[in-house]
file work22.txt (compact mmCIF, C-alpha atoms)
# COMPACT_ATOMS: atom_id res chain seq x y z
CA MET A 1 21.92 -8.95 -13.68
CA LEU A 2 23.01 -12.04 -11.79
CA SER A 3 26.58 -13.19 -12.50
CA THR A 4 27.08 -16.17 -14.80
CA GLN A 5 28.48 -18.31 -11.98
CA SER A 6 25.51 -17.59 -9.69
CA VAL A 7 22.72 -18.22 -12.21
CA PRO A 8 22.90 -22.05 -12.18
CA VAL A 9 23.35 -22.10 -8.40
CA VAL A 10 20.29 -19.93 -7.75
CA ARG A 11 18.24 -21.84 -10.34
CA ALA A 12 19.14 -25.17 -8.73
CA THR A 13 18.47 -24.03 -5.16
CA LEU A 14 15.45 -21.79 -5.78
CA PRO A 15 12.92 -24.59 -5.13
CA ALA A 16 14.52 -25.44 -1.77
CA VAL A 17 14.94 -21.82 -0.73
CA GLY A 18 11.44 -20.96 -1.90
CA ALA A 19 9.92 -23.84 0.05
CA SER A 20 11.70 -22.65 3.20
CA LEU A 21 11.20 -18.90 2.81
CA SER A 22 8.42 -18.78 5.39
CA SER A 23 10.71 -20.33 8.03
CA ILE A 24 13.63 -18.17 6.86
CA THR A 25 11.70 -14.90 7.13
CA GLU A 26 10.23 -15.86 10.51
CA LEU A 27 13.71 -16.52 11.91
CA PHE A 28 15.09 -13.40 10.20
CA TYR A 29 12.59 -11.07 11.85
CA ARG A 30 12.94 -12.75 15.25
CA ARG A 31 16.74 -12.44 15.26
CA MET A 32 16.72 -8.88 13.96
CA PHE A 33 14.20 -7.73 16.56
CA GLU A 34 16.19 -9.45 19.31
CA GLU A 35 19.18 -7.32 18.34
CA ARG A 36 17.21 -4.16 17.54
CA PRO A 37 13.90 -4.23 19.47
CA GLU A 38 13.26 -0.56 18.65
CA LEU A 39 12.64 -1.55 15.02
CA LEU A 40 9.58 -3.57 16.01
CA ARG A 41 8.50 -0.88 18.45
CA ASP A 42 8.89 2.16 16.20
CA LEU A 43 9.14 1.08 12.54
CA PHE A 44 7.57 -2.27 11.70
CA ASN A 45 3.83 -2.90 11.95
CA ARG A 46 3.37 -5.04 15.06
CA GLY A 47 0.00 -6.29 13.87
CA ASN A 48 1.43 -7.56 10.59
CA GLN A 49 4.28 -9.21 12.46
CA ALA A 50 1.83 -10.96 14.79
CA SER A 51 -0.34 -12.20 11.91
CA GLY A 52 2.62 -13.28 9.77
CA ALA A 53 1.51 -11.08 6.88
CA GLN A 54 4.80 -9.17 6.72
CA ARG A 55 6.84 -12.38 6.65
CA GLU A 56 4.65 -13.72 3.86
CA ALA A 57 5.03 -10.52 1.84
CA LEU A 58 8.83 -10.52 2.22
CA ALA A 59 9.02 -14.17 1.16
CA GLY A 60 6.89 -13.48 -1.90
CA ALA A 61 9.00 -10.47 -2.91
CA VAL A 62 12.31 -12.34 -2.58
CA ALA A 63 11.00 -15.35 -4.48
CA ALA A 64 9.60 -13.16 -7.28
CA PHE A 65 12.85 -11.21 -7.60
CA ALA A 66 15.04 -14.33 -7.64
CA THR A 67 12.77 -16.03 -10.19
CA THR A 68 13.02 -13.02 -12.48
CA LEU A 69 16.82 -13.07 -12.25
CA VAL A 70 17.10 -16.66 -13.44
CA GLU A 71 14.08 -16.96 -15.74
CA ARG A 72 14.11 -13.51 -17.38
CA PRO A 73 17.67 -12.20 -16.90
CA GLY A 74 17.20 -9.24 -19.23
CA GLU A 75 14.23 -7.98 -17.24
CA ARG A 76 13.97 -6.20 -13.91
CA PRO A 77 10.73 -6.35 -11.88
CA ASP A 78 10.36 -2.59 -11.73
CA ALA A 79 6.74 -2.66 -10.59
CA LEU A 80 7.64 -4.83 -7.59
CA LEU A 81 10.73 -2.80 -6.72
CA GLY A 82 8.98 0.53 -7.20
CA ARG A 83 6.12 -0.43 -4.90
CA ILE A 84 8.55 -1.49 -2.16
CA ALA A 85 10.71 1.62 -2.64
CA HIS A 86 7.74 3.97 -2.23
CA LYS A 87 6.70 2.18 0.94
CA HIS A 88 10.24 2.35 2.32
CA ALA A 89 10.54 6.04 1.47
CA SER A 90 7.31 6.79 3.32
CA LEU A 91 8.87 5.17 6.39
CA GLY A 92 12.18 7.01 6.07
CA VAL A 93 14.24 3.86 5.41
CA THR A 94 17.93 4.58 4.77
CA ALA A 95 20.70 2.71 2.95
CA ASP A 96 22.58 1.67 6.10
CA GLN A 97 19.61 -0.40 7.27
CA TYR A 98 20.06 -2.79 4.35
CA THR A 99 23.33 -4.04 5.84
CA LEU A 100 21.54 -5.05 9.04
CA VAL A 101 18.75 -6.72 7.08
CA GLY A 102 21.21 -8.57 4.83
CA ARG A 103 23.22 -9.91 7.76
CA HIS A 104 20.18 -11.33 9.52
CA LEU A 105 18.49 -12.58 6.35
CA MET A 106 21.54 -14.49 5.15
CA GLY A 107 22.11 -15.78 8.66
CA ALA A 108 18.55 -17.13 8.67
CA VAL A 109 19.10 -18.79 5.28
CA GLY A 110 22.17 -20.57 6.61
CA GLU A 111 20.49 -21.66 9.85
CA VAL A 112 17.29 -22.96 8.23
CA LEU A 113 18.92 -24.78 5.31
CA GLY A 114 21.98 -25.97 7.23
CA ASP A 115 24.63 -27.90 5.33
CA ALA A 116 22.83 -27.26 2.02
CA VAL A 117 24.20 -23.70 2.15
CA THR A 118 27.70 -24.30 0.85
CA PRO A 119 30.01 -21.30 0.38
CA GLU A 120 28.99 -21.27 -3.29
CA VAL A 121 25.27 -21.29 -2.45
CA GLY A 122 25.71 -18.64 0.23
CA ALA A 123 27.61 -16.36 -2.14
CA ALA A 124 24.99 -16.75 -4.88
CA TRP A 125 22.08 -15.86 -2.59
CA ASP A 126 24.05 -13.01 -1.04
CA GLU A 127 24.39 -11.68 -4.58
CA VAL A 128 20.62 -11.99 -5.08
CA TYR A 129 19.99 -10.03 -1.90
CA TRP A 130 22.39 -7.21 -2.75
CA LEU A 131 21.11 -6.90 -6.31
CA MET A 132 17.64 -6.34 -4.85
CA ALA A 133 18.89 -4.15 -2.01
CA ASN A 134 21.02 -1.92 -4.22
CA ALA A 135 18.19 -1.49 -6.71
CA LEU A 136 15.90 -0.39 -3.85
CA ILE A 137 18.55 1.91 -2.38
CA ALA A 138 18.92 3.63 -5.76
CA LEU A 139 15.16 3.97 -6.24
CA GLU A 140 14.68 5.34 -2.73
CA ALA A 141 17.53 7.83 -3.19
CA ARG A 142 15.76 9.13 -6.29
CA LEU A 143 12.48 9.43 -4.40
CA TYR A 144 14.14 11.40 -1.61
CA ALA A 145 15.91 13.64 -4.13
CA GLY A 146 12.65 14.21 -5.97
CA ALA A 147 11.03 15.24 -2.69
CA GLY A 148 13.93 17.63 -2.01
CA VAL A 149 14.96 16.03 1.29
CA GLU A 150 17.94 14.16 2.69
CA ASP A 151 17.62 10.38 2.70
CA GLY A 152 15.05 9.39 5.33
CA ALA A 153 14.11 12.98 6.30
CA VAL A 154 10.43 12.62 5.40
CA TRP A 155 8.75 13.43 8.70
CA HIS A 156 7.08 16.69 9.76
CA ASP A 157 4.32 17.85 12.09
CA MET A 158 0.76 18.33 10.83
CA GLU A 159 -2.17 19.76 12.75
CA ILE A 160 -5.64 18.22 12.55
CA ALA A 161 -7.87 21.00 11.23
CA GLU A 162 -11.11 19.02 11.06
CA ARG A 163 -12.47 15.58 11.83
CA VAL A 164 -15.59 14.15 10.14
CA GLU A 165 -17.29 10.82 10.84
CA GLU A 166 -17.73 9.49 7.32
CA SER A 167 -19.46 6.16 8.01
CA LEU A 168 -20.08 3.65 10.79
CA ASP A 169 -16.39 2.77 11.05
CA THR A 170 -14.46 5.52 9.24
CA ALA A 171 -13.43 9.07 10.03
CA SER A 172 -11.61 11.62 7.90
CA PHE A 173 -8.94 13.98 9.21
CA GLU A 174 -8.10 17.21 7.45
CA LEU A 175 -4.43 18.11 7.97
CA ARG A 176 -2.69 21.48 7.77
CA ARG A 177 0.78 22.77 8.52
CA PRO A 178 1.03 24.31 12.00
CA ASP A 179 2.95 27.30 10.57
CA GLY A 180 0.12 28.15 8.19
CA ARG A 181 2.17 27.50 5.04
CA PRO A 182 0.60 25.53 2.17
CA THR A 183 0.80 21.76 2.26
CA GLY A 184 3.19 20.16 -0.20
CA PRO A 185 2.27 18.78 -3.61
CA PHE A 186 1.40 15.16 -4.31
CA THR A 187 -0.02 13.04 -7.10
CA PRO A 188 -3.61 11.76 -6.80
CA GLY A 189 -3.50 8.16 -5.55
CA GLN A 190 -0.50 8.63 -3.26
CA TYR A 191 -0.40 8.07 0.50
CA VAL A 192 1.31 9.39 3.62
CA SER A 193 2.58 7.60 6.70
CA VAL A 194 1.19 8.61 10.08
CA GLN A 195 3.11 7.96 13.29
CA VAL A 196 1.42 7.97 16.71
CA GLU A 197 2.71 7.28 20.19
CA LEU A 198 0.74 4.48 21.84
CA PRO A 199 0.20 3.98 25.60
CA ASP A 200 3.15 1.55 25.87
CA GLY A 201 5.53 4.14 24.38
CA ALA A 202 5.75 2.54 20.93
CA ARG A 203 5.64 4.89 17.95
CA GLN A 204 3.75 2.84 15.40
CA ILE A 205 3.37 3.86 11.75
CA ARG A 206 0.62 3.24 9.21
CA GLN A 207 0.01 4.46 5.65
CA TYR A 208 -3.19 6.25 4.61
CA SER A 209 -4.13 7.43 1.14
CA LEU A 210 -4.71 11.12 0.61
CA SER A 211 -8.41 11.24 -0.21
CA THR A 212 -8.72 14.64 -1.93
CA ALA A 213 -6.96 16.24 -4.89
CA PRO A 214 -3.68 18.15 -4.47
CA ALA A 215 -5.16 21.55 -5.39
CA ARG A 216 -6.21 22.33 -1.80
CA LYS A 217 -4.73 24.14 1.18
CA THR A 218 -4.96 21.00 3.31
CA TRP A 219 -4.45 17.26 3.03
CA ARG A 220 -7.10 14.73 4.03
CA ILE A 221 -6.81 11.12 5.12
CA THR A 222 -9.71 8.77 5.77
CA VAL A 223 -9.13 6.11 8.41
CA LYS A 224 -11.12 2.94 8.89
CA ARG A 225 -11.04 1.56 12.42
CA GLU A 226 -9.63 -1.91 11.95
CA ARG A 227 -11.38 -4.44 14.15
CA PRO A 228 -10.47 -8.13 14.52
CA ALA A 229 -12.47 -10.13 12.00
CA ASP A 230 -11.86 -13.53 13.59
CA GLY A 231 -11.66 -12.67 17.29
CA ARG A 232 -7.96 -13.59 17.39
CA THR A 233 -6.04 -10.91 15.52
CA PRO A 234 -5.57 -7.64 17.42
CA GLU A 235 -7.32 -4.38 16.62
CA GLY A 236 -5.51 -1.94 14.39
CA GLU A 237 -3.31 -0.07 16.85
CA VAL A 238 -2.96 3.19 14.96
CA SER A 239 -6.48 3.34 13.52
CA SER A 240 -7.97 2.64 16.96
CA TRP A 241 -5.81 5.35 18.53
CA LEU A 242 -6.79 7.90 15.89
CA HIS A 243 -10.49 7.12 16.26
CA ALA A 244 -10.32 7.31 20.06
CA HIS A 245 -8.00 10.28 20.55
CA ALA A 246 -7.30 12.40 17.44
CA ARG A 247 -9.22 15.68 17.53
CA PRO A 248 -8.98 19.08 15.83
CA GLY A 249 -6.00 21.02 17.16
CA ASP A 250 -3.91 17.91 17.82
CA VAL A 251 -0.51 17.68 16.13
CA ILE A 252 0.63 14.36 14.63
CA ARG A 253 3.71 13.18 12.75
CA VAL A 254 3.11 12.71 9.03
CA SER A 255 5.47 11.74 6.20
CA LEU A 256 5.80 13.28 2.78
CA PRO A 257 3.53 11.68 0.15
CA PHE A 258 4.68 8.61 -1.77
CA GLY A 259 3.08 5.82 -3.79
CA ASP A 260 3.04 4.64 -7.39
CA LEU A 261 -0.71 4.28 -8.03
CA VAL A 262 -1.02 7.40 -10.19
CA LEU A 263 -3.18 8.37 -13.16
CA PRO A 264 -1.67 8.21 -16.64
CA GLU A 265 -1.55 11.38 -18.66
CA GLY A 266 -3.78 11.80 -21.68
CA ASP A 267 -7.48 11.34 -22.28
CA GLY A 268 -7.75 7.55 -22.39
CA PRO A 269 -10.70 5.83 -20.66
CA LEU A 270 -10.36 4.78 -17.03
CA LEU A 271 -11.88 2.20 -14.70
CA LEU A 272 -11.64 3.02 -10.99
CA ALA A 273 -12.70 -0.07 -9.04
CA SER A 274 -12.72 -0.07 -5.24
CA ALA A 275 -14.20 -1.85 -2.27
CA GLY A 276 -14.50 -0.67 1.33
CA ILE A 277 -11.80 1.75 2.44
CA GLY A 278 -10.12 1.20 -0.94
CA ILE A 279 -12.24 4.09 -2.12
CA THR A 280 -9.77 6.65 -0.72
CA PRO A 281 -7.19 6.87 -3.56
CA MET A 282 -10.06 6.82 -6.07
CA LEU A 283 -11.59 9.89 -4.40
CA ALA A 284 -8.35 11.82 -4.90
CA MET A 285 -8.24 10.81 -8.57
CA LEU A 286 -11.88 11.74 -9.13
CA ASP A 287 -11.46 15.05 -7.31
CA HIS A 288 -8.48 15.84 -9.52
CA LEU A 289 -10.35 14.89 -12.70
CA ALA A 290 -13.39 16.94 -11.69
CA ASN A 291 -11.26 19.99 -10.88
CA ALA A 292 -9.51 19.66 -14.23
CA SER A 293 -12.85 19.40 -16.07
CA ALA A 294 -11.57 16.22 -17.64
CA GLY A 295 -13.66 14.91 -20.51
CA ARG A 296 -12.27 11.38 -20.53
CA GLN A 297 -14.54 8.39 -20.01
CA VAL A 298 -14.38 7.32 -16.38
CA THR A 299 -16.21 4.21 -15.14
CA VAL A 300 -16.39 4.03 -11.35
CA LEU A 301 -17.19 0.78 -9.53
CA HIS A 302 -17.46 0.57 -5.76
CA ALA A 303 -18.51 -2.30 -3.51
CA ASP A 304 -19.36 -2.14 0.19
CA ARG A 305 -21.25 -3.90 2.94
CA SER A 306 -24.05 -1.33 3.02
CA PRO A 307 -24.69 2.38 2.37
CA ALA A 308 -24.05 3.03 6.07
CA HIS A 309 -20.57 1.47 5.76
CA HIS A 310 -19.79 3.34 2.52
CA ALA A 311 -17.41 6.18 3.43
CA HIS A 312 -17.82 9.38 1.38
CA ARG A 313 -20.89 7.95 -0.39
CA LEU A 314 -22.50 11.29 -1.25
CA GLU A 315 -19.12 12.81 -2.14
CA LEU A 316 -18.45 9.97 -4.58
CA ASP A 317 -21.82 10.51 -6.23
CA ASP A 318 -21.13 14.25 -6.55
CA LEU A 319 -17.63 13.80 -8.00
CA VAL A 320 -18.77 11.30 -10.64
CA GLY A 321 -21.68 13.59 -11.49
CA ARG A 322 -19.26 16.42 -12.23
CA LEU A 323 -17.52 14.34 -14.92
CA PRO A 324 -19.16 14.56 -18.36
CA GLY A 325 -17.95 11.04 -19.15
CA GLY A 326 -18.41 9.61 -15.67
CA THR A 327 -20.63 6.63 -14.76
CA LEU A 328 -21.10 5.18 -11.27
CA HIS A 329 -21.89 1.55 -10.39
CA LEU A 330 -22.44 0.52 -6.76
CA TRP A 331 -22.79 -2.93 -5.23
CA TYR A 332 -23.95 -3.43 -1.64
CA GLU A 333 -24.26 -6.73 0.18
CA GLN A 334 -27.06 -5.11 2.16
CA PRO A 335 -28.53 -2.16 0.20
CA GLU A 336 -30.79 -1.18 3.15
CA GLY A 337 -33.59 0.02 0.88
CA LEU A 338 -31.40 2.30 -1.23
CA ASP A 339 -33.04 2.21 -4.64
CA ALA A 340 -31.32 3.73 -7.65
CA PRO A 341 -30.53 2.55 -11.19
CA HIS A 342 -26.79 2.40 -10.48
CA VAL A 343 -27.17 0.37 -7.23
CA ARG A 344 -27.09 -3.43 -7.24
CA THR A 345 -27.27 -6.06 -4.52
CA GLY A 346 -24.50 -8.56 -3.90
CA LEU A 347 -20.84 -8.69 -4.86
CA ALA A 348 -19.33 -6.46 -7.53
CA ASP A 349 -19.33 -7.90 -11.04
CA VAL A 350 -17.17 -6.06 -13.55
CA THR A 351 -18.40 -8.35 -16.35
CA ARG A 352 -21.70 -6.44 -16.29
CA LEU A 353 -20.03 -3.17 -17.22
CA ALA A 354 -19.51 -1.84 -20.73
CA LEU A 355 -15.79 -1.06 -20.97
CA PRO A 356 -13.78 0.18 -23.96
CA GLU A 357 -10.95 -2.02 -25.21
CA ASP A 358 -8.25 0.53 -24.33
CA VAL A 359 -9.33 1.07 -20.72
CA THR A 360 -6.73 1.57 -17.97
CA ALA A 361 -7.88 0.07 -14.66
CA PHE A 362 -7.05 1.03 -11.09
CA LEU A 363 -7.99 -1.34 -8.27
CA CYS A 364 -7.98 -0.87 -4.51
CA GLY A 365 -9.65 -2.94 -1.82
CA PRO A 366 -9.37 -6.36 -0.19
CA LEU A 367 -7.17 -8.83 -2.07
CA PRO A 368 -10.01 -11.24 -2.98
CA PHE A 369 -11.93 -8.34 -4.54
CA MET A 370 -8.92 -7.11 -6.54
CA ARG A 371 -7.97 -10.59 -7.73
CA ALA A 372 -11.53 -11.27 -8.90
CA VAL A 373 -11.76 -7.95 -10.75
CA ARG A 374 -8.32 -8.42 -12.31
CA ASP A 375 -9.15 -11.96 -13.47
CA ASP A 376 -12.36 -10.72 -15.10
CA LEU A 377 -10.53 -7.84 -16.81
CA LEU A 378 -7.86 -10.19 -18.16
CA THR A 379 -10.57 -12.51 -19.46
CA ARG A 380 -12.08 -9.53 -21.27
CA GLY A 381 -8.76 -8.82 -22.95
CA VAL A 382 -7.44 -5.95 -20.83
CA ALA A 383 -3.63 -6.09 -20.93
CA PRO A 384 -1.87 -6.85 -17.62
CA LYS A 385 0.20 -3.66 -17.99
CA ASP A 386 -3.04 -1.64 -17.97
CA ILE A 387 -4.22 -3.00 -14.61
CA HIS A 388 -2.79 -1.19 -11.58
CA TYR A 389 -3.49 -1.79 -7.92
CA GLU A 390 -2.80 -0.59 -4.40
CA VAL A 391 -2.62 -2.93 -1.41
CA PHE A 392 -3.31 -1.53 2.05
CA GLY A 393 -0.75 -3.36 4.21
CA PRO A 394 1.86 -5.94 3.18
CA ASP A 395 1.70 -6.71 -0.52
CA LEU A 396 0.58 -10.35 -0.54
CA TRP A 397 -0.32 -10.29 -4.24
CA LEU A 398 2.74 -12.31 -5.22
CA SER A 399 2.58 -14.77 -2.34
CA LYS A 400 -0.62 -16.53 -3.37
call {"tool": "encode", "arguments": {"input": "work22.txt", "output": "structure tokens"}}
result
Amino acid sequence: MLSTQSVPVVRATLPAVGASLSSITELFYRRMFEERPELLRDLFNRGNQASGAQREALAGAVAAFATTLVERPGERPDALLGRIAHKHASLGVTADQYTLVGRHLMGAVGEVLGDAVTPEVGAAWDEVYWLMANALIALEARLYAGAGVEDGAVWHDMEIAERVEESLDTASFELRRPDGRPTGPFTPGQYVSVQVELPDGARQIRQYSLSTAPARKTWRITVKRERPADGRTPEGEVSSWLHAHARPGDVIRVSLPFGDLVLPEGDGPLLLASAGIGITPMLAMLDHLANASAGRQVTVLHADRSPAHHAHRLELDDLVGRLPGGTLHLWYEQPEGLDAPHVRTGLADVTRLALPEDVTAFLCGPLPFMRAVRDDLLTRGVAPKDIHYEVFGPDLWLSK
């Protein structure tokens, strides 16, 4: 909770700080990378830095946290903090790094806002930062302890056992431990980080959902090759490298599993709504439900450009078919002659589905898709607490 002396200061300056957060975060990253260039080379996503997506996500998170402190002081944004903590844990972030971040972030605040940052204002926003940082440090420590590792010690070698081309632009990689021991446990919906060494020597990291259930001897990730949509943004560095070079027998660095998009216990009805490569965490959930012979009602919605672009299309159909209460609804922009009762043409429309009032929804896919589905679910009376989502990349949900 923010101190009584800082609350009015943060409330009064929040509009000015919020309006300048984009400039603040841009300067923050630039100054930090000037001092520690290895962080950009080996930890932060260079593509997201180039596009500005990471700066936008950081600004949205800080603004949301500060707003909660002054508007709802008895509440802590656990969903926001938990999502960030899981991402940090998958990267091996440690507590000492928050001191570096705090120094450069507060320095950027002072430089951008100038004389408006009086000692009182600086102290209040420093308090905001350390409330957020200490909450994340505590959450990440618990995640590391739960995984049975020292803080940050999440990395290990995995061997590619099999590679399968799943669609026009996706490939799956089955991973096993080189020593032959079983892979570790995880919860359906979680992801791992993958680190690869690129031609320029950088060791870039990306997160990929585990796309099968835990009850297997191997893990599987499914990787879409990210291509520039507008001709200006660069190709996905790690996805392009994996598609071009990763073959069975190769050994890659992989983190322990993390992520907070996990199925609730019980037998309540579920909606699993995905688009494009967002299908991957849903596959793990469906695989788990099918293996457990779950009888709960499960409505599955997936949208894609075409059947040829739909990764794991036949697998999805099989998994839903194994669920007594499972129903599948597909939308393709270009159905390419695929004719079936559960296939529709165009964009996904959740308003056309029959859903029970107590449904719990899980969303994964491009932000416009998830926002549209969430808005429709809210209109239908689904409670916000019952709508969960996973963002591939910086979480821009709060910045729009």
call {"tool": "closest_residue", "arguments": {"input": "work22.txt", "among": "A:Ile277, A:Leu363, A:Ala290, A:Leu271", "to": "Ala215 in chain A", "atoms": "all atoms listed in the file"}}
result
A:Ala290
call {"tool": "axis_aligned_box", "arguments": {"input": "work22.txt", "around": "range 193-198 of chain A", "padding_each_side": "4 Å", "output": "lines of an AutoDock Vina configuration file"}}
result
center_x = 1.9
center_y = 6.5
center_z = 14.3
size_x = 10.4
size_y = 12.1
size_z = 23.1
call {"tool": "closest_residue", "arguments": {"input": "work22.txt", "among": "A:Arg203, A:His88, A:Arg11, A:Arg181", "to": "Ala124 in chain A", "atoms": "all atoms listed in the file"}}
result
A:Arg11
call {"tool": "atom_distance", "arguments": {"input": "work22.txt", "atom1": "CA of Leu263 in chain A", "atom2": "CA of Asp304 in chain A"}}
result
23.5 Å
call {"tool": "atom_distance", "arguments": {"input": "work22.txt", "atom1": "CA of Val10 in chain A", "atom2": "CA of Val128 in chain A"}}
result
8.4 Å
call {"tool": "closest_residue", "arguments": {"input": "work22.txt", "among": "A:Thr218, A:Ser90, A:Gln204, A:Thr25", "to": "Ala61 in chain A", "atoms": "all atoms listed in the file"}}
result
A:Thr25
call {"tool": "atom_distance", "arguments": {"input": "work22.txt", "atom1": "CA of Ala19 in chain A", "atom2": "CA of Gly110 in chain A"}}
result
14.3 Å
call {"tool": "residues_around", "arguments": {"input": "work22.txt", "residues": "Gly259 in chain A", "least_positions_apart": "4", "cutoff": "6 Å", "atoms": "all atoms listed in the file", "output": "PyMOL selection string"}}
result
chain A and resi 86+190-191
call {"tool": "closest_residue", "arguments": {"input": "work22.txt", "among": "A:Val382, A:Leu270, A:Ala340, A:Val192", "to": "Leu289 in chain A", "atoms": "all atoms listed in the file"}}
result
A:Leu270
call {"tool": "closest_residue", "arguments": {"input": "work22.txt", "among": "A:Ala12, A:Val373, A:Val109, A:Leu43", "to": "Ala59 in chain A", "atoms": "all atoms listed in the file"}}
result
A:Val109
call {"tool": "residues_near_point", "arguments": {"input": "work22.txt", "point": "(16.6, -2.6, 2.7)", "cutoff": "7 Å", "atoms": "only C-alpha atoms", "output": "count of residues only"}}
result
6
call {"tool": "residues_around", "arguments": {"input": "work22.txt", "residues": "Gly325 in chain A", "least_positions_apart": "4", "cutoff": "6 Å", "atoms": "all atoms listed in the file", "output": "ChimeraX atom specification"}}
result
/A:295-298
call {"tool": "closest_residue", "arguments": {"input": "work22.txt", "among": "A:Ala123, A:Leu353, A:Val223, A:Val117", "to": "Ser240 in chain A", "atoms": "only C-alpha atoms"}}
result
A:Val223
call {"tool": "residues_around", "arguments": {"input": "work22.txt", "residues": "Val196 in chain A", "least_positions_apart": "2", "cutoff": "9 Å", "atoms": "only C-alpha atoms", "output": "CSV table (one decimal) with C-alpha atoms, in the frame of the given file"}}
result
chain,number,residue,atom,x,y,z
A,194,VAL,CA,1.2,8.6,10.1
A,198,LEU,CA,0.7,4.5,21.8
A,202,ALA,CA,5.8,2.5,20.9
A,203,ARG,CA,5.6,4.9,18.0
A,204,GLN,CA,3.8,2.8,15.4
A,205,ILE,CA,3.4,3.9,11.8
A,206,ARG,CA,0.6,3.2,9.2
A,238,VAL,CA,-3.0,3.2,15.0
A,241,TRP,CA,-5.8,5.4,18.5
A,242,LEU,CA,-6.8,7.9,15.9
A,252,ILE,CA,0.6,14.4,14.6
A,253,ARG,CA,3.7,13.2,12.8
call {"tool": "residues_around", "arguments": {"input": "work22.txt", "residues": "Ser274 in chain A", "least_positions_apart": "2", "cutoff": "6 Å", "atoms": "all atoms listed in the file", "output": "PyMOL selection string"}}
result
chain A and resi 278-279+302+363-365
call {"tool": "residues_around", "arguments": {"input": "work22.txt", "residues": "range 153-167 of chain A", "least_positions_apart": "4", "cutoff": "8 Å", "atoms": "all atoms listed in the file", "output": "ChimeraX atom specification"}}
result
/A:89-92,149,171-178,246-256,308-312
